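Remarks on the structure that follows.
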Amino acid sequence: MRKPLHPLIHQTIWVVAVSASLIGAAVADKDKRATRVPLLPKYQQECAACHVAYPPGLLPAASWQRVVSGLSRHYGTDASVDPATAKQLSAWLTANAGSGRHARQAPPEDRITKSAWFLREHDEVSAGTWQRPAIKSAANCAACHTGAEQGDFNEHTVHIPR
C-alpha cells in the first residue's frame with residue numbers, strides 16, 4: 001500500500017503544476033497578441049494596398065528588415081517607398097516582430113507561407129486548393145480567413161472558396 005504524500009509535498013506539486021500551466025498559457029497568449037498588434041497606419045496604407053497587411057508577429061525581426069530593405073524587388077514586384085517611410089516601417093515591424101512559436105527562425109526566402117508553423121497549420125490543404133481562382137496562392141490569407149484584414153486567423157472562421 002502506498003503511503004500518502006506529505007501535505008507540503010502535495011501542495012508544492014500542485015503549485016508547480018499550476019505555475020507551468022500559467023506560463024504555457026502566457027506564452028500562447030503572447031503568440032496570439034503578436035498577430036493582433038494594432039496596425040501602423042502607414043503600414044496599412046502601403047502594404048495593404050496590394051495584399052493583407054500581415055501581422056508583424058508572423059516573422060522574426062531579421063526577416064522584416066530584409067523584406068523592407070528589398071522592397072524594390074518585393075517578391076517579383078517593385079514595392080518601393082520613400083526612405084522615410086521605409087525607415088518608419090522597418091522600425092515598427094522590427095519592434096513588433098515575432099519572437100514566439102510563429103517566428104522562432106526565419107522561413108526560407110522570408111516567406112510566411114514557407115515557415116514551419118504555416119506548413120504545419122495548413123498541411124490538410126491540397127496543392128489544388130491553393131490554385132483555385134478565388135484563392136490563387138497560399139499568400140492570399142483573406143481568401144479563406146474571413147477575419148484576416150483584422151489580424152484574425154482563427155481556424156473556426158475559415159471559409160475555403162470552391
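Note on naming: chains are A, B, ... as they come in the C-alpha cells, residues start from 1 per chain, ligands start from 1 in the order shown.
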
Write out as a PDB file with N, CA, C and O atoms, in the first residue's frame the residues lying within 12 Å of Pro55 of chain A, counting only C-alpha atoms and excluding same-chain residues fewer than 6 positions away.
```pdb
ATOM      1  N   ASP A  31       1.827  34.755 -28.280  1.00  0.00           N
ATOM      2  CA  ASP A  31       1.781  34.468 -29.715  1.00  0.00           C
ATOM      3  C   ASP A  31       0.516  35.029 -30.338  1.00  0.00           C
ATOM      4  O   ASP A  31       0.540  35.587 -31.416  1.00  0.00           O
ATOM      5  N   LYS A  32      -0.624  34.885 -29.642  1.00  0.00           N
ATOM      6  CA  LYS A  32      -1.878  35.424 -30.165  1.00  0.00           C
ATOM      7  C   LYS A  32      -1.823  36.939 -30.238  1.00  0.00           C
ATOM      8  O   LYS A  32      -2.275  37.539 -31.195  1.00  0.00           O
ATOM      9  N   ARG A  33      -1.267  37.571 -29.189  1.00  0.00           N
ATOM     10  CA  ARG A  33      -1.158  39.037 -29.185  1.00  0.00           C
ATOM     11  C   ARG A  33      -0.255  39.505 -30.307  1.00  0.00           C
ATOM     12  O   ARG A  33      -0.493  40.549 -30.910  1.00  0.00           O
ATOM     13  N   ALA A  34       0.776  38.725 -30.625  1.00  0.00           N
ATOM     14  CA  ALA A  34       1.720  39.121 -31.672  1.00  0.00           C
ATOM     15  C   ALA A  34       1.043  39.232 -33.027  1.00  0.00           C
ATOM     16  O   ALA A  34       1.484  39.990 -33.874  1.00  0.00           O
ATOM     17  N   THR A  35      -0.027  38.470 -33.247  1.00  0.00           N
ATOM     18  CA  THR A  35      -0.721  38.561 -34.522  1.00  0.00           C
ATOM     19  C   THR A  35      -1.821  39.609 -34.494  1.00  0.00           C
ATOM     20  O   THR A  35      -2.476  39.846 -35.489  1.00  0.00           O
ATOM     21  N   ARG A  36      -2.034  40.256 -33.346  1.00  0.00           N
ATOM     22  CA  ARG A  36      -3.116  41.231 -33.232  1.00  0.00           C
ATOM     23  C   ARG A  36      -2.628  42.608 -32.810  1.00  0.00           C
ATOM     24  O   ARG A  36      -3.355  43.353 -32.179  1.00  0.00           O
ATOM     25  N   VAL A  37      -1.431  42.964 -33.156  1.00  0.00           N
ATOM     26  CA  VAL A  37      -0.906  44.297 -32.864  1.00  0.00           C
ATOM     27  C   VAL A  37      -1.678  45.299 -33.716  1.00  0.00           C
ATOM     28  O   VAL A  37      -1.856  45.067 -34.914  1.00  0.00           O
ATOM     29  N   PRO A  38      -2.147  46.404 -33.129  1.00  0.00           N
ATOM     30  CA  PRO A  38      -2.812  47.408 -33.970  1.00  0.00           C
ATOM     31  C   PRO A  38      -1.856  47.855 -35.083  1.00  0.00           C
ATOM     32  O   PRO A  38      -0.686  48.141 -34.836  1.00  0.00           O
ATOM     33  N   LEU A  39      -2.364  47.881 -36.298  1.00  0.00           N
ATOM     34  CA  LEU A  39      -1.505  48.180 -37.439  1.00  0.00           C
ATOM     35  C   LEU A  39      -1.138  49.658 -37.498  1.00  0.00           C
ATOM     36  O   LEU A  39      -1.979  50.531 -37.274  1.00  0.00           O
ATOM     37  N   LEU A  40       0.104  49.904 -37.824  1.00  0.00           N
ATOM     38  CA  LEU A  40       0.596  51.250 -38.070  1.00  0.00           C
ATOM     39  C   LEU A  40      -0.137  51.767 -39.306  1.00  0.00           C
ATOM     40  O   LEU A  40      -0.155  51.082 -40.340  1.00  0.00           O
ATOM     41  N   TYR A  43       1.790  51.479 -42.495  1.00  0.00           N
ATOM     42  CA  TYR A  43       1.924  50.079 -42.915  1.00  0.00           C
ATOM     43  C   TYR A  43       0.645  49.630 -43.617  1.00  0.00           C
ATOM     44  O   TYR A  43       0.685  49.027 -44.691  1.00  0.00           O
ATOM     45  N   GLN A  44      -0.482  49.945 -43.014  1.00  0.00           N
ATOM     46  CA  GLN A  44      -1.771  49.599 -43.613  1.00  0.00           C
ATOM     47  C   GLN A  44      -1.904  50.254 -44.989  1.00  0.00           C
ATOM     48  O   GLN A  44      -2.282  49.604 -45.960  1.00  0.00           O
ATOM     49  N   CYS A  47       1.183  48.654 -47.454  1.00  0.00           N
ATOM     50  CA  CYS A  47       1.237  47.212 -47.700  1.00  0.00           C
ATOM     51  C   CYS A  47      -0.122  46.608 -48.042  1.00  0.00           C
ATOM     52  O   CYS A  47      -0.218  45.755 -48.925  1.00  0.00           O
ATOM     53  N   ALA A  48      -1.166  47.070 -47.363  1.00  0.00           N
ATOM     54  CA  ALA A  48      -2.494  46.502 -47.607  1.00  0.00           C
ATOM     55  C   ALA A  48      -3.088  46.972 -48.924  1.00  0.00           C
ATOM     56  O   ALA A  48      -4.130  46.480 -49.343  1.00  0.00           O
ATOM     57  N   TRP A  64      11.779  40.789 -41.356  1.00  0.00           N
ATOM     58  CA  TRP A  64      11.144  42.056 -41.708  1.00  0.00           C
ATOM     59  C   TRP A  64      12.170  43.068 -42.203  1.00  0.00           C
ATOM     60  O   TRP A  64      11.909  43.822 -43.146  1.00  0.00           O
ATOM     61  N   TRP A  92       8.859  49.914 -37.017  1.00  0.00           N
ATOM     62  CA  TRP A  92       7.624  49.376 -36.446  1.00  0.00           C
ATOM     63  C   TRP A  92       7.587  47.850 -36.576  1.00  0.00           C
ATOM     64  O   TRP A  92       7.242  47.149 -35.617  1.00  0.00           O
ATOM     65  N   LEU A  93       7.925  47.330 -37.759  1.00  0.00           N
ATOM     66  CA  LEU A  93       7.915  45.886 -37.955  1.00  0.00           C
ATOM     67  C   LEU A  93       8.919  45.185 -37.048  1.00  0.00           C
ATOM     68  O   LEU A  93       8.629  44.139 -36.474  1.00  0.00           O
ATOM     69  N   THR A  94      10.089  45.776 -36.898  1.00  0.00           N
ATOM     70  CA  THR A  94      11.115  45.191 -36.033  1.00  0.00           C
ATOM     71  C   THR A  94      10.660  45.191 -34.574  1.00  0.00           C
ATOM     72  O   THR A  94      10.821  44.196 -33.865  1.00  0.00           O
ATOM     73  N   ASN A  96       7.691  45.081 -33.449  1.00  0.00           N
ATOM     74  CA  ASN A  96       6.529  44.205 -33.248  1.00  0.00           C
ATOM     75  C   ASN A  96       6.699  42.825 -33.861  1.00  0.00           C
ATOM     76  O   ASN A  96       5.740  42.065 -33.962  1.00  0.00           O
ATOM     77  N   ALA A  97       7.922  42.513 -34.266  1.00  0.00           N
ATOM     78  CA  ALA A  97       8.200  41.224 -34.904  1.00  0.00           C
ATOM     79  C   ALA A  97       7.939  40.071 -33.946  1.00  0.00           C
ATOM     80  O   ALA A  97       7.916  40.234 -32.723  1.00  0.00           O
ATOM     81  N   GLY A  98       7.761  38.914 -34.532  1.00  0.00           N
ATOM     82  CA  GLY A  98       7.506  37.728 -33.735  1.00  0.00           C
ATOM     83  C   GLY A  98       8.734  37.237 -33.004  1.00  0.00           C
ATOM     84  O   GLY A  98       9.861  37.401 -33.465  1.00  0.00           O
ATOM     85  N   HIS A 102       5.604  31.323 -33.778  1.00  0.00           N
ATOM     86  CA  HIS A 102       5.428  31.683 -35.186  1.00  0.00           C
ATOM     87  C   HIS A 102       6.716  32.195 -35.820  1.00  0.00           C
ATOM     88  O   HIS A 102       6.814  32.241 -37.040  1.00  0.00           O
ATOM     89  N   ALA A 103       7.644  32.619 -35.016  1.00  0.00           N
ATOM     90  CA  ALA A 103       8.813  33.283 -35.592  1.00  0.00           C
ATOM     91  C   ALA A 103      10.116  32.880 -34.927  1.00  0.00           C
ATOM     92  O   ALA A 103      11.003  33.695 -34.768  1.00  0.00           O
ATOM     93  N   ILE A 112       6.229  33.972 -45.207  1.00  0.00           N
ATOM     94  CA  ILE A 112       5.366  33.435 -44.156  1.00  0.00           C
ATOM     95  C   ILE A 112       4.850  32.059 -44.575  1.00  0.00           C
ATOM     96  O   ILE A 112       4.816  31.134 -43.771  1.00  0.00           O
ATOM     97  N   CYS A 141      -4.251  35.140 -47.720  1.00  0.00           N
ATOM     98  CA  CYS A 141      -4.896  34.725 -46.472  1.00  0.00           C
ATOM     99  C   CYS A 141      -6.376  35.072 -46.442  1.00  0.00           C
ATOM    100  O   CYS A 141      -7.201  34.292 -45.978  1.00  0.00           O
ATOM    101  N   ALA A 148      -8.944  37.977 -41.702  1.00  0.00           N
ATOM    102  CA  ALA A 148      -7.516  38.254 -41.933  1.00  0.00           C
ATOM    103  C   ALA A 148      -7.206  39.744 -41.933  1.00  0.00           C
ATOM    104  O   ALA A 148      -6.165  40.158 -41.427  1.00  0.00           O
ATOM    105  N   GLU A 149      -8.084  40.548 -42.484  1.00  0.00           N
ATOM    106  CA  GLU A 149      -7.845  42.002 -42.548  1.00  0.00           C
ATOM    107  C   GLU A 149      -7.726  42.611 -41.148  1.00  0.00           C
ATOM    108  O   GLU A 149      -7.103  43.651 -40.963  1.00  0.00           O
ATOM    109  N   GLN A 150      -8.333  41.952 -40.151  1.00  0.00           N
ATOM    110  CA  GLN A 150      -8.265  42.423 -38.767  1.00  0.00           C
ATOM    111  C   GLN A 150      -7.229  41.638 -37.954  1.00  0.00           C
ATOM    112  O   GLN A 150      -7.163  41.786 -36.738  1.00  0.00           O
ATOM    113  N   GLY A 151      -6.450  40.817 -38.629  1.00  0.00           N
ATOM    114  CA  GLY A 151      -5.427  40.025 -37.941  1.00  0.00           C
ATOM    115  C   GLY A 151      -5.986  38.795 -37.248  1.00  0.00           C
ATOM    116  O   GLY A 151      -5.347  38.212 -36.389  1.00  0.00           O
ATOM    117  N   ASP A 152      -7.188  38.371 -37.616  1.00  0.00           N
ATOM    118  CA  ASP A 152      -7.825  37.211 -37.006  1.00  0.00           C
ATOM    119  C   ASP A 152      -7.705  36.018 -37.950  1.00  0.00           C
ATOM    120  O   ASP A 152      -8.312  35.999 -39.022  1.00  0.00           O
ATOM    121  N   PHE A 153      -6.921  35.040 -37.542  1.00  0.00           N
ATOM    122  CA  PHE A 153      -6.688  33.856 -38.357  1.00  0.00           C
ATOM    123  C   PHE A 153      -7.239  32.603 -37.669  1.00  0.00           C
ATOM    124  O   PHE A 153      -6.747  31.503 -37.874  1.00  0.00           O
TER     125      PHE A 153
END
```

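All residues of protein, DNA or RNA that reach within 10 Å of segment 77-86 of chain A, judged by only C-alpha atoms and not counting those fewer than 2 positions away in the chain, are Lys42, Tyr43, Glu46, Cys47, Cys50, Gln65, Val68, Ser69, Gly70, Leu71, Ser72, Arg73, His74, Tyr75, Gln88, Leu89, Ser90, Ala91 and Trp92 of chain A.
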
Considering only C-alpha atoms, return as a ChimeraX atom specification whatever protein or nucleic-acid residues lie within 10 Å of Glu109 of chain A, sequence-local ones (same chain, fewer than 2 positions apart) excluded. /A:63,66-67,75,106-107,111-115

Selected residues, all heavy atoms, written as an mmCIF file, in the first residue's frame, please.
```cif
data_model
loop_
_atom_site.group_PDB
_atom_site.id
_atom_site.type_symbol
_atom_site.label_atom_id
_atom_site.label_comp_id
_atom_site.auth_asym_id
_atom_site.auth_seq_id
_atom_site.Cartn_x
_atom_site.Cartn_y
_atom_site.Cartn_z
ATOM 1 N N SER A 63 13.815 38.962 -40.622
ATOM 2 C CA SER A 63 13.067 38.781 -41.870
ATOM 3 C C SER A 63 12.424 40.090 -42.298
ATOM 4 O O SER A 63 12.499 40.476 -43.473
ATOM 5 C CB SER A 63 11.982 37.715 -41.699
ATOM 6 O OG SER A 63 12.548 36.436 -41.600
ATOM 7 N N ARG A 66 14.923 42.429 -43.833
ATOM 8 C CA ARG A 66 15.260 42.057 -45.216
ATOM 9 C C ARG A 66 14.116 42.393 -46.168
ATOM 10 O O ARG A 66 14.345 42.866 -47.284
ATOM 11 C CB ARG A 66 15.619 40.569 -45.299
ATOM 12 C CG ARG A 66 17.001 40.252 -44.741
ATOM 13 C CD ARG A 66 17.406 38.812 -45.009
ATOM 14 N NE ARG A 66 16.579 37.839 -44.318
ATOM 15 C CZ ARG A 66 16.801 37.392 -43.079
ATOM 16 N NH1 ARG A 66 17.849 37.844 -42.394
ATOM 17 N NH2 ARG A 66 16.003 36.496 -42.520
ATOM 18 N N VAL A 67 12.889 42.159 -45.748
ATOM 19 C CA VAL A 67 11.732 42.464 -46.597
ATOM 20 C C VAL A 67 11.705 43.950 -46.919
ATOM 21 O O VAL A 67 11.583 44.351 -48.080
ATOM 22 C CB VAL A 67 10.408 42.012 -45.929
ATOM 23 C CG1 VAL A 67 9.196 42.599 -46.645
ATOM 24 C CG2 VAL A 67 10.320 40.486 -45.890
ATOM 25 N N TYR A 75 9.266 40.225 -53.911
ATOM 26 C CA TYR A 75 8.652 39.012 -54.439
ATOM 27 C C TYR A 75 8.177 39.202 -55.885
ATOM 28 O O TYR A 75 7.066 38.848 -56.255
ATOM 29 C CB TYR A 75 7.510 38.540 -53.527
ATOM 30 C CG TYR A 75 7.983 38.334 -52.103
ATOM 31 C CD1 TYR A 75 7.634 39.225 -51.096
ATOM 32 C CD2 TYR A 75 8.830 37.274 -51.784
ATOM 33 C CE1 TYR A 75 8.099 39.057 -49.795
ATOM 34 C CE2 TYR A 75 9.301 37.101 -50.496
ATOM 35 C CZ TYR A 75 8.929 37.995 -49.502
ATOM 36 O OH TYR A 75 9.400 37.828 -48.217
ATOM 37 N N ALA A 106 13.798 32.374 -39.172
ATOM 38 C CA ALA A 106 13.364 32.961 -40.441
ATOM 39 C C ALA A 106 13.012 31.844 -41.418
ATOM 40 O O ALA A 106 13.781 30.896 -41.592
ATOM 41 C CB ALA A 106 14.463 33.833 -41.017
ATOM 42 N N PRO A 107 11.845 31.938 -42.056
ATOM 43 C CA PRO A 107 11.492 30.921 -43.043
ATOM 44 C C PRO A 107 12.276 31.133 -44.334
ATOM 45 O O PRO A 107 12.805 32.228 -44.581
ATOM 46 C CB PRO A 107 9.997 31.152 -43.267
ATOM 47 C CG PRO A 107 9.772 32.580 -42.915
ATOM 48 C CD PRO A 107 10.789 32.918 -41.853
ATOM 49 N N ARG A 111 9.447 34.095 -46.406
ATOM 50 C CA ARG A 111 8.038 33.947 -46.796
ATOM 51 C C ARG A 111 7.265 33.293 -45.656
ATOM 52 O O ARG A 111 7.594 32.178 -45.237
ATOM 53 C CB ARG A 111 7.901 33.096 -48.057
ATOM 54 C CG ARG A 111 8.383 33.801 -49.309
ATOM 55 C CD ARG A 111 8.157 32.890 -50.515
ATOM 56 N NE ARG A 111 8.598 33.530 -51.737
ATOM 57 C CZ ARG A 111 7.805 34.238 -52.542
ATOM 58 N NH1 ARG A 111 6.539 34.384 -52.258
ATOM 59 N NH2 ARG A 111 8.281 34.787 -53.637
ATOM 60 N N ILE A 112 6.229 33.972 -45.207
ATOM 61 C CA ILE A 112 5.366 33.435 -44.156
ATOM 62 C C ILE A 112 4.850 32.059 -44.575
ATOM 63 O O ILE A 112 4.816 31.134 -43.771
ATOM 64 C CB ILE A 112 4.208 34.408 -43.867
ATOM 65 C CG1 ILE A 112 4.756 35.709 -43.259
ATOM 66 C CG2 ILE A 112 3.158 33.773 -42.957
ATOM 67 C CD1 ILE A 112 3.762 36.861 -43.218
ATOM 68 N N THR A 113 4.488 31.921 -45.839
ATOM 69 C CA THR A 113 3.911 30.670 -46.331
ATOM 70 C C THR A 113 4.900 29.508 -46.397
ATOM 71 O O THR A 113 4.502 28.382 -46.660
ATOM 72 C CB THR A 113 3.285 30.871 -47.722
ATOM 73 O OG1 THR A 113 4.299 31.342 -48.621
ATOM 74 C CG2 THR A 113 2.128 31.853 -47.671
ATOM 75 N N LYS A 114 6.170 29.777 -46.156
ATOM 76 C CA LYS A 114 7.165 28.706 -46.134
ATOM 77 C C LYS A 114 7.672 28.420 -44.722
ATOM 78 O O LYS A 114 8.579 27.612 -44.537
ATOM 79 C CB LYS A 114 8.348 29.050 -47.053
ATOM 80 C CG LYS A 114 7.951 29.015 -48.516
ATOM 81 C CD LYS A 114 9.147 29.166 -49.425
ATOM 82 C CE LYS A 114 8.721 29.057 -50.881
ATOM 83 N NZ LYS A 114 9.871 29.079 -51.779
ATOM 84 N N SER A 115 7.078 29.099 -43.739
ATOM 85 C CA SER A 115 7.509 28.881 -42.354
ATOM 86 C C SER A 115 6.984 27.533 -41.857
ATOM 87 O O SER A 115 5.957 27.031 -42.332
ATOM 88 C CB SER A 115 6.996 30.007 -41.455
ATOM 89 O OG SER A 115 5.585 29.991 -41.412
#
```

With DSSP run on the backbone, what are the alpha helix (DSSP H) residues within segment 42-141 of chain A? I'd like them as a count of residues only. 38

Do you have the atom CA of Trp117 of chain A-atom CA of Leu58 of chain A distance handy? 9.5 Å

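Among A:Arg104, A:His159, A:Asp110, A:Leu119, the residue with the shortest atom-to-atom distance to Gly147 of chain A, counting only C-alpha atoms, is A:His159.
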
Write out as a VMD selection string which residues come within 12 Å of segment 136-139 of chain A when counting only C-alpha atoms, dropping same-chain ones fewer than 4 positions away. chain A and resid 50 to 54 75 111 to 115 118 to 119 121 to 123 125 to 132 143 to 145 148 160 to 162

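Atom pair atom CA of Gly100 of chain A / atom CA of Glu155 of chain A has a distance of 18.9 Å (rounded to one decimal).
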